[in-house]
Every structure is written in C-alpha cells, then in structure tokens.
Amino acid sequence: MSDFASPEEYGLADLLCCAAAHEVQNNEVVFAGTGLPMVAIMLAQQTHAPNLKLIFEAGTLDGRPPEIPTSVGDARCEMGASRASGLFDAFSVAQRGYVDMGFLGGAEVDQYGNVNTTCIGDYLEPELRLTGSGGNPDINSFAKRTVFIMVHEKRRFVENVSYITSPGWRVKKWPGGELVHRRELYGAAYRGGPSAIISTLGVFRFDEQDGHMYLDTCHPGTTAEQIKEQCQFDLDISRVKGQTQVPTREELRLIHDVLDPDQIFIPKVKK
Amino acid sequence: MSDFASPEEYGLADLLCCAAAHEVQNNEVVFAGTGLPMVAIMLAQQTHAPNLKLIFEAGTLDGRPPEIPTSVGDARCEMGASRASGLFDAFSVAQRGYVDMGFLGGAEVDQYGNVNTTCIGDYLEPELRLTGSGGNPDINSFAKRTVFIMVHEKRRFVENVSYITSPGWRVKKWPGGELVHRRELYGAAYRGGPSAIISTLGVFRFDEQDGHMYLDTCHPGTTAEQIKEQCQFDLDISRVKGQTQVPTREELRLIHDVLDPDQIFIPKVKK
Amino acid sequence: MSNSKRITLQQTSEIIKDGSSLTFSGFTIWRRPMAIVYELIRQHRKHLHLIEVNGGSHTEFLVGAGCVDIWESCWVGHELYGKYGANLSRKVAEKKIIVEDYSHAEMLFRFVAAASGAPYAVTQTSLGTDIHNPEFDMLGRAGLRDGKRIAQHKYQFVDDPFYGAGAHVLVPAAKVDIAVLCVQQVGEEGTVRLNGQCYSDPEVARAADITIVMAEEIVPEEYLRRNADQNAIASFEVDYILECPFGAHPTGMFGRYDVDGSFLKDFYGATRTQEGFDEFAKEWIHGLDHVSYLEKLGWPKMLKLRANTAMNYCPREKKGGN
Amino acid sequence: MSNSKRITLQQTSEIIKDGSSLTFSGFTIWRRPMAIVYELIRQHRKHLHLIEVNGGSHTEFLVGAGCVDIWESCWVGHELYGKYGANLSRKVAEKKIIVEDYSHAEMLFRFVAAASGAPYAVTQTSLGTDIHNPEFDMLGRAGLRDGKRIAQHKYQFVDDPFYGAGAHVLVPAAKVDIAVLCVQQVGEEGTVRLNGQCYSDPEVARAADITIVMAEEIVPEEYLRRNADQNAIASFEVDYILECPFGAHPTGMFGRYDVDGSFLKDFYGATRTQEGFDEFAKEWIHGLDHVSYLEKLGWPKMLKLRANTAMNYCPREKKGGN
C-alpha cells in the first residue's frame, strides 16, 4: 500500500527523519530537541500519530507549530500550543513521568548508549569543548525511552565515551565511577533508557538486560559488516532484521512541502 | 497637627486597626492575612505608606484592591495588582526574604509570642479544634517582623500555649521539645520575630534577647495593672510608654467611608 | 481531537471511588468543585483521604457527610462566613477522623514537589512549632505510614550542607490519586485557562495521578490555543472534563460570580450539630441534581452574585439593586 | 509611584561591577539583553561569574571579550547559526576560564531553589553521568567553594527517606548578584509582562539580589495592572528599568522581531579565532552606542526581522518580500 520512494528521490536526512518518525506512537508525550528531531516528530504528527503531544524544553506543552521552529526557544513554538510557559514546567512534567519518548542528538556514543556532547578528549585537557549537555541528560533521564539521531563515523562510535553527558544503559556509579546498570542507579526514576540510535548508516537498539548496543537495520546501500567496521567496539550484528524502511513519497511531500520547505534542517535532493 | 478623634467617635476595632497601621513603614513589603489586618494595611497605604507593597497569600503580589477583599482568595484581590498568580509565588517570595512584615491573628498567645490557632486543650484530646495553622507560621517564619491582632482575655494570654502553631521568640527544639531562642533554630532564615501584639487592651512588644513579652502602651481606659491582671503569666509592665495613640478623624473617615463602608470587618460606632 | 475526555457529573463519582485520595482546586471559599462534592455525598462515598493545600466549605460538606477518614491539610473554615470547620472539629473530638497538620507553605511545597516529580521539598518554615512535634504524627500513630502513597515519615530534619544556612525541614511530596478542579474554561482537549489568582491549581493538577476538570464552559480548544501563554494547565495533564455552570456555588469564581455568603453562613450555622448538617444536606443535596439545585437557589440569588465582567467581581454598591 | 527605577544603558555598567555574578533572561538565542552586554564590553568589565540556566550568543560575546572568569551552566552555542561556542571552547583549551558543568534541568532547579529561598533542590536527573564525576568539580579544584556565594559542594547524593525512591542528587541554589533581563514590556514601577515562552525569567529575576529589566517599551504601570494575571514578575522584584528598543538584537524577541541568523552566522564565523572576534567587536561594539548600532544595521534588515503581530514571528514566506 505504501508508495515507497526510489533511491534517487530521497536523501540521507530524509531517511533518518522518517526512521525517527517511525519510532513514535500515537498519543505519546514526546520531548524534542532542536533540529532533525523536531522535523521527525512533526512528521509523525502529520502521519500516524496525530494525537502525539509535543514538548519543547523552553516551555511549550503540546505544541503544534504551523511553521517549523529553528530551535525550542523560537517564537514559532507558541502558536497553536496548549500551553506556553517555561523550563520549570517542561522539566517538572518530564521528571513527574509524563514523557514517553525523548528525541535527541549526540556527538559520540558508546556500546552502552552513553552519549557525549560535552568535549572531545580528556575533560580536564579537552581537544575540543562542545556545546555542553543542554537538556540531553535530563530528557534522557526522565523519558521512558530515548531516540538519538547521529552522524556515523568510526571515531564517534566508541567503546566508552570520553565523557558521559547523557546516560545510557550502563552508567557510572559515583564516587567510584564503576559501570553499573542504569536500573541500579535510578530507583523510582528508572523508566527505561535509549531505545534506538539512528545513525547515518543504520538503526541500533539495546539489549535492556546487558545494556549492549546491537544493529537492528541497515540503511539502503550498507551491510552489517560495513557498519560493524565503523564501530570501535565489537558491534552485535546477530540480530539484524534487514533494511531500514525507506521514505514514502507522502512522507517526502510532507517533509519538503509542508514541514521544512525552506530546507532549514533537511536539504532537498537534486533530481 | 493630627486631629485625634474623641472617645465616642471610635470603637475598639478602629483603635486596633489604626494601631496596626502605625506598625507599617513606607516602601515595605507586607504580607496580610484576612480580616482586620487587611484593613489596617490598606489604611497604611492610604496614609503614611503609599509605596507599601501588599502580598496576599493566595497569590497577589503588590495588590491595591479598590474594594476590600473579604479574604485573600477573593476576586477583589486581583484588580490593580502588579501580579496575580498563586501560592507558590507568594510563599517563594516570603521564603526568599522579601517580606518586611506579616500581619496576623491568633486565638492564644504566650509570654514568648508563640501563637496558637490550632486547638484549645490537649492536641490529642482537644476541647475545641480551631481552623488550623493556615499560613500563620509561614508568614511569621519568613517575615522580618510580625504583628498580631488579638482579642484580649485572660484565658488567651497564657504562660505557654497548648499548641505552638506560629513561632514566637522561644520555640521548641525537636525531637526533645525544649524551649530555645528562635535564633538558635532558624539559622539563615532568622530575620526577626513577632514585633507587636495588638490586643483589645494594649500593645505588647518583646525583648529580643530574652524573648519575653512586655507591655508597651495601654489602650485608653485601661491601666497597666489591669492589663497585667488579664495575663496568666507575669507580664513585664516596667517599660510602658503610655497610652496607645487614638485614631485621627481622617483615619476614621478612610476606614468607614473608603476602605470598609459596608462594615465587613470594622463596625461603625453608633453616635 | 476527539471529545473522549468528556464525562457527566454522575460519572465523576464512579472515577472517585471509596478510599480514593483527593485534592481540589481553589482557595478556602473560592473555586471549589461543589457540584462534584454534592454528587459524592449523594453517592455516599466513604473512606476518602483528603490532601489539601487548604480546606474550606467543600471540606466541611464532605466531612459532615461522613465521606472522609483522613484530612491532611492546614486550615478549614468559611472565612468571614464561618469561623472554623464545625463538622471537622466535632469529628476530631469524636475521633471519627484522622487529622494530619502541616503548615500552609508546607502543604504547598509538598504539592510542588509532587508536581515536579521530587520525593520531598526542603524548607525553613514553621521550625520550633508543634506542627513538627513528633508526638503529633497522626498517620504514624495510626500505623498508616507504608511509604507507598503515605510517606514513611511526616518530616525529616536536616542541616543545609551547601551554604551552612542551618536547620531545615524536609516535607514529603503529596501523592494523591485524583485532583478535582473547578475552573472558568477548559478546552475540548483539556487545556485549562484560569483567570485571576490561580491558587495552587497547576500544581495539584500535575501532582495527582488523575485530573478531573469541571468548568463553567467547555470552549473550542483552538480558542485557548490562540494565546497559549495565558493557559495554566496543558491538555495532557487533564484526564476528564465536564461543563457545569455555577458548579462552584456557594463558593465564588473570579470573573463569574461571588461567594454566596448568606448560604455559607446558614451552612456554618447548621453544622454546629450533626443533625443540623444532616438537615441541611437533606434540603440542598439529597434528591436534587445540579439543575434542580440551581432552580432552588433561584434567579434573584444568582443575579445578585454574578460578577461584573469589567471588575471580575460583584461590586458591593450594586448588591442592593437587584 | 516614582520613576526612580529608571536608569540609562550607561548606568547598567556601573551597577554591574567587575567581579559580579550575573545571570540573564531568555533562552540560547532568544531575548538576550544584548545592548547591555555590548555596554559591558565597551566598559571592559572583568572577572564576571556567569551563572546561567543556559548560555547563548551573549555568553560568547562576553567570553570573547575577556569579561568572564567563571562560566557555570550547561550549554553554549548559536543554535542553527553556529554549532558551538567557539570563544568558550578556545578559552577552555587555554585555561583562561573556569567552566562548571551542570545539566540543563539541574541549572533550572538551582534557580528555582534560589528563587524560593531554599538552599538546594533535589532531583533524579543525570545520575551516572560525568556531570557528577567528583573529579570534575572545577570550582572545588580552584579552591573557590567558600560556602558563601559558591556552595561548599557541587553536589550531594542522598537516598529518598520518604518513599524509598532511591538515589537522588542535591544541587545547590544558584546565588547570583544580578539578573539582567530583556523583555517586551515593563511598567514604570517594575511590573513585567512577558509574551510567549517565559523561559526561566521569573525564576532568575527572583533568585538574583538585584534585577535590571531592559524592555522594548516602558508602559504605564496601570496598563499592566488591568490584567494582573498576565504579568510574570512583580514590581518589587525589579530594581532598575530601562527602555531600549531592539535591545535583544541579534537574538530574537517573541512578538517583536526574529533572530538575526545571518548576523549570528557571521559572528560565529568570526569567533573561530580571537583575532576574528576582536575584529567583529571593533566593528559592531566599540565606538558605537545603541542608536548608531541600529543605524549601522539599517532599516531593510530590521524590517526583514520584524514579527507579524498576529503570529508573533516573521513568517518565512514573507522574508523575500522586503
């Protein structure tokens, strides 16, 4: 029934956006970071999840912006929303447990789904200081599951990130810093963890018991072995289900004609 | 210069109201409970303290109601206010230390200024359950000073109240319950304590060092000895300054023509 | 998008079950969900646990009718129209109800903590008072501190480790099953707009597991969404909605109608004895529904109470005119 | 009642002294008090300690100009117009600035605690991350934790004693000298009305000891007081006010003007080196005042950015038209 696009009709950003949108279910409360996550959620709103409730960290609850915001602080967030207030409301709602899913990005990820957005190299002698955490660890700590969208390079898929900004399935127990399962640390706030990493090569999931990442689907044109090669850790490719679903023509129309016609986050492919 | 009213022109409630109004200084932030305290503060606003900022517990910041509210939750609180919000704002402002003065009532008071509004008799076997604390202990804990307006009866001015609802100058240190100076317990939140009790017989103040109540002024028609007789504890009358200042005609006009023409809180004397 | 949140007044008493813990919108005698309170009394709800930032006339109705086993709050009365809660006072003396006292700010902070998913709040209020007297932990004395819905401790005392600011008290988050709100406007999807003081409504709605909103009007959702920054509670925080004009009577509602002082005075007078309360309930609650209640009140009364929309209350000089 | 809260742009840099701790209104690249930030750079303010819920372009200006010794926050960048804070990144590598990292929610809760007079907040966010790594307590490493304005500890870990909810982290209240706000409207007595998302402005205003409000318009106080329930900050929480139209440029302001993306892109590009920043500051800050800055920007630019008042932003389809 679905009218899938042919390879020359979509770009990588389209594929990621659609794959991310497919992670959302209807009626869920979803917390979105700036950028591609925003487009993905709004795409889900326009397709299979019309009752999805969108939260923007800067203070918008149940947002439905008619024009895509450039960031969560954007004036565009307010129009059509149920409530525009501030961060205290957004984070209170999250910590209270309303959030089903968080949509985030990251610079580095490790085999346990720990994400780094703080610095490359030693924190005390950084090669490169990045933006810092923002709300990444907060959304990820409080949501029932979290989806990350990331650029896939071997230097970014590491055995252990140099700095855990956002908690994965095995995290550090302070003061010692030994790795323990997230469940051990979060007590009543344990509601889940990273459920998918959507990289530019494939979709990855986690074994909730041992906390390890495994390959779920390969994007068109890549193989499991090629993807494994692009990870510094020993990626489990035994559970691969096949190929990542490609965008439909309707999804592409929504992305480019309705949601992001100005190509703010998603470039159009040249035909 | 002041045009003081003659005895037949004012009632006891007028006297209390004016005495209470005189406790306020201009530019102060004042937290008012329902009833006579409200009229007293609004009287101060209309006379010597036009820049006084009035807070109502239910959520009004810098209120200037044109018609006197019947309680702090009243719809009348909002009109002309700087901000109408809720209790979290009112109590946050108070705990943050903005409040110079609180204006409260009480059923029973003891020699240290501890006030009871919870029950008469043993808490576990009460003769009479009263309203409960309301915001009395909160306003009193956070304000730099607190003024109470009370009916004076010997059974109400006791050595130790049966239940400390609102903290005076010597309070109970838990778990033992031994009396200690308020300063010892409140740490950084120690900003002062009850500064005056305005009863139907006189005005009382406290020695901040030993925490004991003393008589400051007697209302017209009473003597220090008579007042001491109406206290169950040994009231210090050595520091009496004289007679409580009586209302001026202008104050009476403001109370009865402007603030409370319907005699909601303050009855008119029959002439 | 659907109207599936809509329920009837009768259905509220199916959601609110015997033994539920409840909290409410409003402040003392303002914006209390009276129509639902009456319905609970009609349906003989029992063993309710009220956890309130403050109580008021609605508390006195529920307590008088024998619906309440536990009342956890700081204040009850009818403001100017009744000095104290006579039903509660009587039931306390008769030991028919457990009262757990906190201060007003403590109750508020308990709800703020619950609403933001924190297990407790830290404050310096009420230090040295009998509110903190360990002998007066009534839920503890009753053996009800299971650490599930009722916290293991009434209080904990700690010193500030960060700034040396001294003694502080920790108060447990207020965990409550159902918040019952009475507001001016709710949208079809649950968005709430409050006018005037919002009291602690946003916090209690978020703290509760289920939130029922009774409104003077159900309005088009898109009307409220035109000014999202004026809304107080988000759609997804509300589970059920119903429209019930004058549903707060005899308590008042900013912008709509004033407190019915004479009604409250009569009620307070009646509550000095259980028989008095029962008589009052027989006349005003049992055998009536909301419309017949309004008809019994009559037009002259409601016209007298109605707010001037420019001032949001009923100005006193007008009162004699009707 | 008097206009005594009014100050000039020049006077802001007398109130904000070398060594002050500062926080700001807004969110990343929205409603930042840029006109005051420029003035602080012109006056060569030094040794500032920024404590921010989040940083943004204003941070990068102050850091680039060497005004900042300590930056305590969670994020800096220019959103779509510049991936990260290049000035901060360079100064961190050069150890010319101390960075203390918290998470976004932690920073927010720290301000909520300060605003409500609590010494700390309790939360379950970011457990198990390196944000909590005791080795990375940078103010502690620098020996600055005096327990006065800077808390004795970066964190404390505790278990919930009330409901057995497990590990929690305590984060110290954010004690800050001065909050500098940029808003749509302020009244003559200090009442602030915000439109759109309020971010964390009410909390930071209350947390700070001194609050300066720069507004697009100073409006009659009684205008704002006609709808007190739409105001965000009360008169007495504001110490100084000034009117400065387009004072947030190049950041955006809901209802007034959009973010100047091309300006920020240029700025971000320039900040890749210190020389680049210095050049940019020479062109756009030094030797200019606010009016000559606006003149330099020019009318076509400002017309292109101005918000449609029905939508509160500048719709994209309109942009090419000017």
# chains A, B, ... in the order shown; residues from 1 in each chain; ligands from 1
>>> residues_around(residues="region 118-135 of chain B", least_positions_apart="3", cutoff="8 Å", atoms="only C-alpha atoms", output="PyMOL selection string")
(chain B and resi 57+138-139+162-163+165-166) or (chain C and resi 54+74-77+83-85+88-90+92-93+101-105+136)
>>> write_last_selection(atoms="N, CA, C and O atoms", output="mmCIF file, in the first residue's frame")
data_model
loop_
_atom_site.group_PDB
_atom_site.id
_atom_site.type_symbol
_atom_site.label_atom_id
_atom_site.label_comp_id
_atom_site.auth_asym_id
_atom_site.auth_seq_id
_atom_site.Cartn_x
_atom_site.Cartn_y
_atom_site.Cartn_z
ATOM 1 N N GLU B 57 -1.612 35.980 50.399
ATOM 2 C CA GLU B 57 -1.187 34.586 50.390
ATOM 3 C C GLU B 57 -1.705 33.764 49.202
ATOM 4 O O GLU B 57 -1.032 32.869 48.714
ATOM 5 N N ASP B 138 3.943 30.294 58.515
ATOM 6 C CA ASP B 138 4.804 30.531 57.354
ATOM 7 C C ASP B 138 5.164 32.011 57.237
ATOM 8 O O ASP B 138 6.337 32.369 57.090
ATOM 9 N N ILE B 139 4.141 32.834 57.305
ATOM 10 C CA ILE B 139 4.381 34.274 57.212
ATOM 11 C C ILE B 139 5.268 34.702 58.371
ATOM 12 O O ILE B 139 6.230 35.453 58.215
ATOM 13 N N SER B 162 -1.060 25.900 74.460
ATOM 14 C CA SER B 162 -1.203 24.448 74.470
ATOM 15 C C SER B 162 -0.671 23.834 73.189
ATOM 16 O O SER B 162 -0.328 22.652 73.150
ATOM 17 N N TYR B 163 -0.572 24.630 72.153
ATOM 18 C CA TYR B 163 -0.034 24.136 70.876
ATOM 19 C C TYR B 163 0.622 25.337 70.196
ATOM 20 O O TYR B 163 -0.023 26.364 69.979
ATOM 21 N N THR B 165 1.355 27.008 67.186
ATOM 22 C CA THR B 165 1.074 26.996 65.755
ATOM 23 C C THR B 165 2.072 27.882 65.020
ATOM 24 O O THR B 165 2.540 27.548 63.933
ATOM 25 N N SER B 166 2.377 29.024 65.635
ATOM 26 C CA SER B 166 3.178 30.040 64.960
ATOM 27 C C SER B 166 4.304 30.460 65.889
ATOM 28 O O SER B 166 4.057 30.717 67.070
ATOM 29 N N ASN C 54 -5.237 23.841 51.269
ATOM 30 C CA ASN C 54 -6.069 24.317 52.367
ATOM 31 C C ASN C 54 -7.476 23.793 52.161
ATOM 32 O O ASN C 54 -7.858 23.441 51.050
ATOM 33 N N CYS C 74 -4.067 22.129 56.444
ATOM 34 C CA CYS C 74 -3.612 23.155 57.403
ATOM 35 C C CYS C 74 -4.718 24.068 57.897
ATOM 36 O O CYS C 74 -4.498 24.816 58.843
ATOM 37 N N TRP C 75 -5.866 24.075 57.245
ATOM 38 C CA TRP C 75 -6.871 25.094 57.598
ATOM 39 C C TRP C 75 -8.220 24.642 57.106
ATOM 40 O O TRP C 75 -8.317 24.088 56.015
ATOM 41 N N VAL C 76 -9.237 24.885 57.903
ATOM 42 C CA VAL C 76 -10.591 24.704 57.379
ATOM 43 C C VAL C 76 -11.519 25.723 58.043
ATOM 44 O O VAL C 76 -11.355 26.066 59.220
ATOM 45 N N GLY C 77 -12.426 26.253 57.283
ATOM 46 C CA GLY C 77 -13.377 27.248 57.766
ATOM 47 C C GLY C 77 -14.119 27.816 56.576
ATOM 48 O O GLY C 77 -14.030 27.273 55.465
ATOM 49 N N LYS C 83 -16.353 30.838 61.267
ATOM 50 C CA LYS C 83 -15.025 30.993 61.835
ATOM 51 C C LYS C 83 -14.162 29.749 61.736
ATOM 52 O O LYS C 83 -12.943 29.853 61.706
ATOM 53 N N TYR C 84 -14.773 28.597 61.793
ATOM 54 C CA TYR C 84 -13.963 27.380 61.767
ATOM 55 C C TYR C 84 -14.779 26.248 61.173
ATOM 56 O O TYR C 84 -15.939 26.449 60.788
ATOM 57 N N GLY C 85 -14.164 25.104 61.047
ATOM 58 C CA GLY C 85 -14.862 23.959 60.467
ATOM 59 C C GLY C 85 -15.544 23.170 61.558
ATOM 60 O O GLY C 85 -14.928 22.330 62.216
ATOM 61 N N LEU C 88 -15.610 19.278 61.092
ATOM 62 C CA LEU C 88 -14.304 18.686 61.347
ATOM 63 C C LEU C 88 -14.009 18.696 62.836
ATOM 64 O O LEU C 88 -13.547 17.704 63.407
ATOM 65 N N SER C 89 -14.270 19.812 63.461
ATOM 66 C CA SER C 89 -13.987 19.969 64.882
ATOM 67 C C SER C 89 -14.727 18.898 65.689
ATOM 68 O O SER C 89 -14.141 18.258 66.576
ATOM 69 N N ARG C 90 -15.985 18.687 65.368
ATOM 70 C CA ARG C 90 -16.776 17.681 66.079
ATOM 71 C C ARG C 90 -16.227 16.275 65.845
ATOM 72 O O ARG C 90 -16.057 15.490 66.769
ATOM 73 N N VAL C 92 -13.233 15.437 64.983
ATOM 74 C CA VAL C 92 -11.925 15.278 65.633
ATOM 75 C C VAL C 92 -12.130 14.927 67.099
ATOM 76 O O VAL C 92 -11.504 13.999 67.623
ATOM 77 N N ALA C 93 -13.014 15.649 67.749
ATOM 78 C CA ALA C 93 -13.275 15.392 69.173
ATOM 79 C C ALA C 93 -13.814 13.976 69.360
ATOM 80 O O ALA C 93 -13.491 13.300 70.340
ATOM 81 N N ASP C 101 -1.727 17.591 60.513
ATOM 82 C CA ASP C 101 -1.486 19.021 60.330
ATOM 83 C C ASP C 101 -0.111 19.315 59.747
ATOM 84 O O ASP C 101 0.907 18.853 60.262
ATOM 85 N N TYR C 102 -0.114 20.084 58.693
ATOM 86 C CA TYR C 102 1.111 20.724 58.195
ATOM 87 C C TYR C 102 0.834 22.220 58.155
ATOM 88 O O TYR C 102 -0.309 22.641 58.333
ATOM 89 N N SER C 103 1.853 23.023 57.882
ATOM 90 C CA SER C 103 1.579 24.452 57.670
ATOM 91 C C SER C 103 1.139 24.655 56.220
ATOM 92 O O SER C 103 1.284 23.763 55.374
ATOM 93 N N HIS C 104 0.634 25.838 55.949
ATOM 94 C CA HIS C 104 0.146 26.156 54.606
ATOM 95 C C HIS C 104 1.263 26.066 53.571
ATOM 96 O O HIS C 104 1.116 25.436 52.521
ATOM 97 N N ALA C 105 2.383 26.694 53.867
ATOM 98 C CA ALA C 105 3.511 26.648 52.926
ATOM 99 C C ALA C 105 4.027 25.222 52.783
ATOM 100 O O ALA C 105 4.396 24.793 51.688
ATOM 101 N N PHE C 136 2.863 14.267 67.405
ATOM 102 C CA PHE C 136 1.639 14.619 66.678
ATOM 103 C C PHE C 136 1.657 14.124 65.232
ATOM 104 O O PHE C 136 1.038 14.712 64.355
#
>>> residues_around(residues="Ala121 (chain D)", least_positions_apart="6", cutoff="7 Å", atoms="only C-alpha atoms", output="list in words")
Phe109, Arg110, Ala113, Leu170, Val171, Pro172 and Ala173 of chain D
>>> write_last_selection(atoms="all heavy atoms", output="mmCIF file, in the first residue's frame")
data_model
loop_
_atom_site.group_PDB
_atom_site.id
_atom_site.type_symbol
_atom_site.label_atom_id
_atom_site.label_comp_id
_atom_site.auth_asym_id
_atom_site.auth_seq_id
_atom_site.Cartn_x
_atom_site.Cartn_y
_atom_site.Cartn_z
ATOM 1 N N PHE D 109 16.652 23.898 38.188
ATOM 2 C CA PHE D 109 16.231 23.615 39.564
ATOM 3 C C PHE D 109 17.073 24.423 40.566
ATOM 4 O O PHE D 109 16.571 24.819 41.610
ATOM 5 C CB PHE D 109 16.304 22.110 39.874
ATOM 6 C CG PHE D 109 15.268 21.270 39.148
ATOM 7 C CD1 PHE D 109 15.598 20.040 38.607
ATOM 8 C CD2 PHE D 109 13.950 21.692 39.020
ATOM 9 C CE1 PHE D 109 14.648 19.244 37.955
ATOM 10 C CE2 PHE D 109 12.987 20.912 38.369
ATOM 11 C CZ PHE D 109 13.342 19.686 37.830
ATOM 12 N N ARG D 110 18.328 24.664 40.240
ATOM 13 C CA ARG D 110 19.162 25.501 41.119
ATOM 14 C C ARG D 110 18.577 26.912 41.227
ATOM 15 O O ARG D 110 18.592 27.520 42.298
ATOM 16 C CB ARG D 110 20.600 25.583 40.592
ATOM 17 C CG ARG D 110 21.354 24.251 40.643
ATOM 18 C CD ARG D 110 22.808 24.441 40.184
ATOM 19 N NE ARG D 110 23.494 25.341 41.107
ATOM 20 C CZ ARG D 110 24.616 25.982 40.836
ATOM 21 N NH1 ARG D 110 25.201 25.821 39.655
ATOM 22 N NH2 ARG D 110 25.172 26.774 41.723
ATOM 23 N N ALA D 113 15.275 26.795 43.255
ATOM 24 C CA ALA D 113 15.597 26.735 44.685
ATOM 25 C C ALA D 113 15.959 28.124 45.208
ATOM 26 O O ALA D 113 15.413 28.593 46.208
ATOM 27 C CB ALA D 113 16.739 25.752 44.942
ATOM 28 N N LEU D 170 21.391 16.272 45.197
ATOM 29 C CA LEU D 170 21.038 17.617 45.659
ATOM 30 C C LEU D 170 21.923 18.613 44.916
ATOM 31 O O LEU D 170 23.144 18.446 44.865
ATOM 32 C CB LEU D 170 21.281 17.759 47.163
ATOM 33 C CG LEU D 170 20.664 16.695 48.084
ATOM 34 C CD1 LEU D 170 20.949 17.046 49.557
ATOM 35 C CD2 LEU D 170 19.176 16.562 47.842
ATOM 36 N N VAL D 171 21.292 19.630 44.354
ATOM 37 C CA VAL D 171 22.063 20.676 43.668
ATOM 38 C C VAL D 171 21.857 21.997 44.396
ATOM 39 O O VAL D 171 20.741 22.342 44.762
ATOM 40 C CB VAL D 171 21.651 20.819 42.182
ATOM 41 C CG1 VAL D 171 22.188 19.642 41.376
ATOM 42 C CG2 VAL D 171 20.145 20.938 42.004
ATOM 43 N N PRO D 172 22.952 22.728 44.631
ATOM 44 C CA PRO D 172 22.850 23.941 45.447
ATOM 45 C C PRO D 172 22.107 25.069 44.727
ATOM 46 O O PRO D 172 22.193 25.219 43.514
ATOM 47 C CB PRO D 172 24.320 24.332 45.668
ATOM 48 C CG PRO D 172 25.066 23.727 44.530
ATOM 49 C CD PRO D 172 24.328 22.469 44.181
ATOM 50 N N ALA D 173 21.375 25.861 45.502
ATOM 51 C CA ALA D 173 20.702 27.052 44.983
ATOM 52 C C ALA D 173 21.708 27.924 44.236
ATOM 53 O O ALA D 173 22.868 28.025 44.630
ATOM 54 C CB ALA D 173 20.093 27.838 46.139
#
>>> closest_atom_pairs(of="region 109-144 of chain C", to="region 86-107 of chain A", cutoff="9 Å", atoms="only C-alpha atoms", output="tab-separated table")
residue	atom	partner	partner_atom	distance
C:Ala114	CA	A:Arg96	CA	7.4
C:Ala115	CA	A:Arg96	CA	6.3
C:Ser116	CA	A:Ser92	CA	4.0
C:Gly117	CA	A:Arg96	CA	3.9
C:Ala118	CA	A:Gln95	CA	7.6
>>> select_by_dssp(residues="region 88-282 of chain D", states="alpha helix (DSSP H)", output="PyMOL selection string")
chain D and resi 88-93+104-115+138-141+201-207+221-225+261-270+274-282
>>> closest_residue(among="A:Leu12, A:Met38, A:Val30, A:Leu252", to="chain C", atoms="only C-alpha atoms")
A:Val30
>>> interface_residues(of="chain C", to="chain B", cutoff="7 Å", atoms="only C-alpha atoms", output="number ranges by chain")
C: 27, 30, 74-77, 79-80, 84-85, 89, 93, 103-105, 108, 124-131, 133-134, 165-167, 196-200, 254, 312-313
>>> select_by_dssp(residues="region 1-173 of chain A", states="strand (DSSP E or B)", output="ChimeraX atom specification")
/A:4,29-32,53-56,60-61,83-84,86,101-105,108-110,115-116,119-120,128-129,145-150,157-158,166,170-173
>>> residues_around(residues="Asp110 (chain A)", least_positions_apart="6", cutoff="9 Å", atoms="only C-alpha atoms", output="VMD selection string")
chain A and resid 116 156 to 161 168 213 232 to 233
>>> write_last_selection(atoms="N, CA and C atoms", output="PDB file, in the first residue's frame")
ATOM      1  N   ASN A 116      27.919  11.561  24.441  1.00  0.00           N
ATOM      2  CA  ASN A 116      28.770  12.685  24.815  1.00  0.00           C
ATOM      3  C   ASN A 116      28.477  13.881  23.913  1.00  0.00           C
ATOM      4  N   ARG A 156      33.198   8.327  16.255  1.00  0.00           N
ATOM      5  CA  ARG A 156      32.041   8.698  17.074  1.00  0.00           C
ATOM      6  C   ARG A 156      31.363   7.493  17.736  1.00  0.00           C
ATOM      7  N   PHE A 157      31.604   6.285  17.233  1.00  0.00           N
ATOM      8  CA  PHE A 157      31.011   5.063  17.820  1.00  0.00           C
ATOM      9  C   PHE A 157      32.105   4.326  18.573  1.00  0.00           C
ATOM     10  N   VAL A 158      32.251   4.652  19.846  1.00  0.00           N
ATOM     11  CA  VAL A 158      33.420   4.247  20.623  1.00  0.00           C
ATOM     12  C   VAL A 158      33.062   3.245  21.712  1.00  0.00           C
ATOM     13  N   GLU A 159      34.090   2.605  22.240  1.00  0.00           N
ATOM     14  CA  GLU A 159      33.852   1.613  23.284  1.00  0.00           C
ATOM     15  C   GLU A 159      33.297   2.295  24.545  1.00  0.00           C
ATOM     16  N   ASN A 160      33.968   3.339  24.974  1.00  0.00           N
ATOM     17  CA  ASN A 160      33.474   4.161  26.086  1.00  0.00           C
ATOM     18  C   ASN A 160      33.659   5.623  25.715  1.00  0.00           C
ATOM     19  N   VAL A 161      32.627   6.396  25.845  1.00  0.00           N
ATOM     20  CA  VAL A 161      32.767   7.823  25.518  1.00  0.00           C
ATOM     21  C   VAL A 161      33.727   8.473  26.505  1.00  0.00           C
ATOM     22  N   GLY A 168      23.344   6.172  29.307  1.00  0.00           N
ATOM     23  CA  GLY A 168      22.927   5.006  28.549  1.00  0.00           C
ATOM     24  C   GLY A 168      22.450   3.907  29.487  1.00  0.00           C
ATOM     25  N   MET A 213      24.635  -2.408  22.797  1.00  0.00           N
ATOM     26  CA  MET A 213      24.051  -1.992  21.536  1.00  0.00           C
ATOM     27  C   MET A 213      24.092  -3.150  20.535  1.00  0.00           C
ATOM     28  N   GLN A 232      34.116   1.295  16.952  1.00  0.00           N
ATOM     29  CA  GLN A 232      35.343   0.926  17.661  1.00  0.00           C
ATOM     30  C   GLN A 232      35.107  -0.265  18.590  1.00  0.00           C
ATOM     31  N   PHE A 233      33.864  -0.518  18.948  1.00  0.00           N
ATOM     32  CA  PHE A 233      33.570  -1.681  19.800  1.00  0.00           C
ATOM     33  C   PHE A 233      33.059  -2.812  18.915  1.00  0.00           C
TER      34      PHE A 233
END
>>> interface_residues(of="chain D", to="chain C", cutoff="9 Å", atoms="only C-alpha atoms", output="PyMOL selection string")
chain D and resi 117-124+146-156+160-165+171-173+194-198+227-230
>>> atom_distance(atom1="CA of Pro247 (chain B)", atom2="CA of His152 (chain B)")
19.6 Å
>>> residues_around(residues="Val63 (chain C)", least_positions_apart="3", cutoff="12 Å", atoms="only C-alpha atoms", output="JSON, numbers by chain")
{"C": [37, 38, 40, 41, 44, 45, 46, 47, 48, 49, 50, 55, 56, 57, 58, 59, 60, 66, 67, 68, 69, 70, 71, 76, 85, 86, 87, 88, 89, 90, 91, 92, 96, 97, 98, 99, 271, 274, 277, 278, 281]}
>>> residues_around(residues="Arg205 (chain B)", least_positions_apart="6", cutoff="8 Å", atoms="only C-alpha atoms", output="ChimeraX atom specification")
/B:194-197,213-216
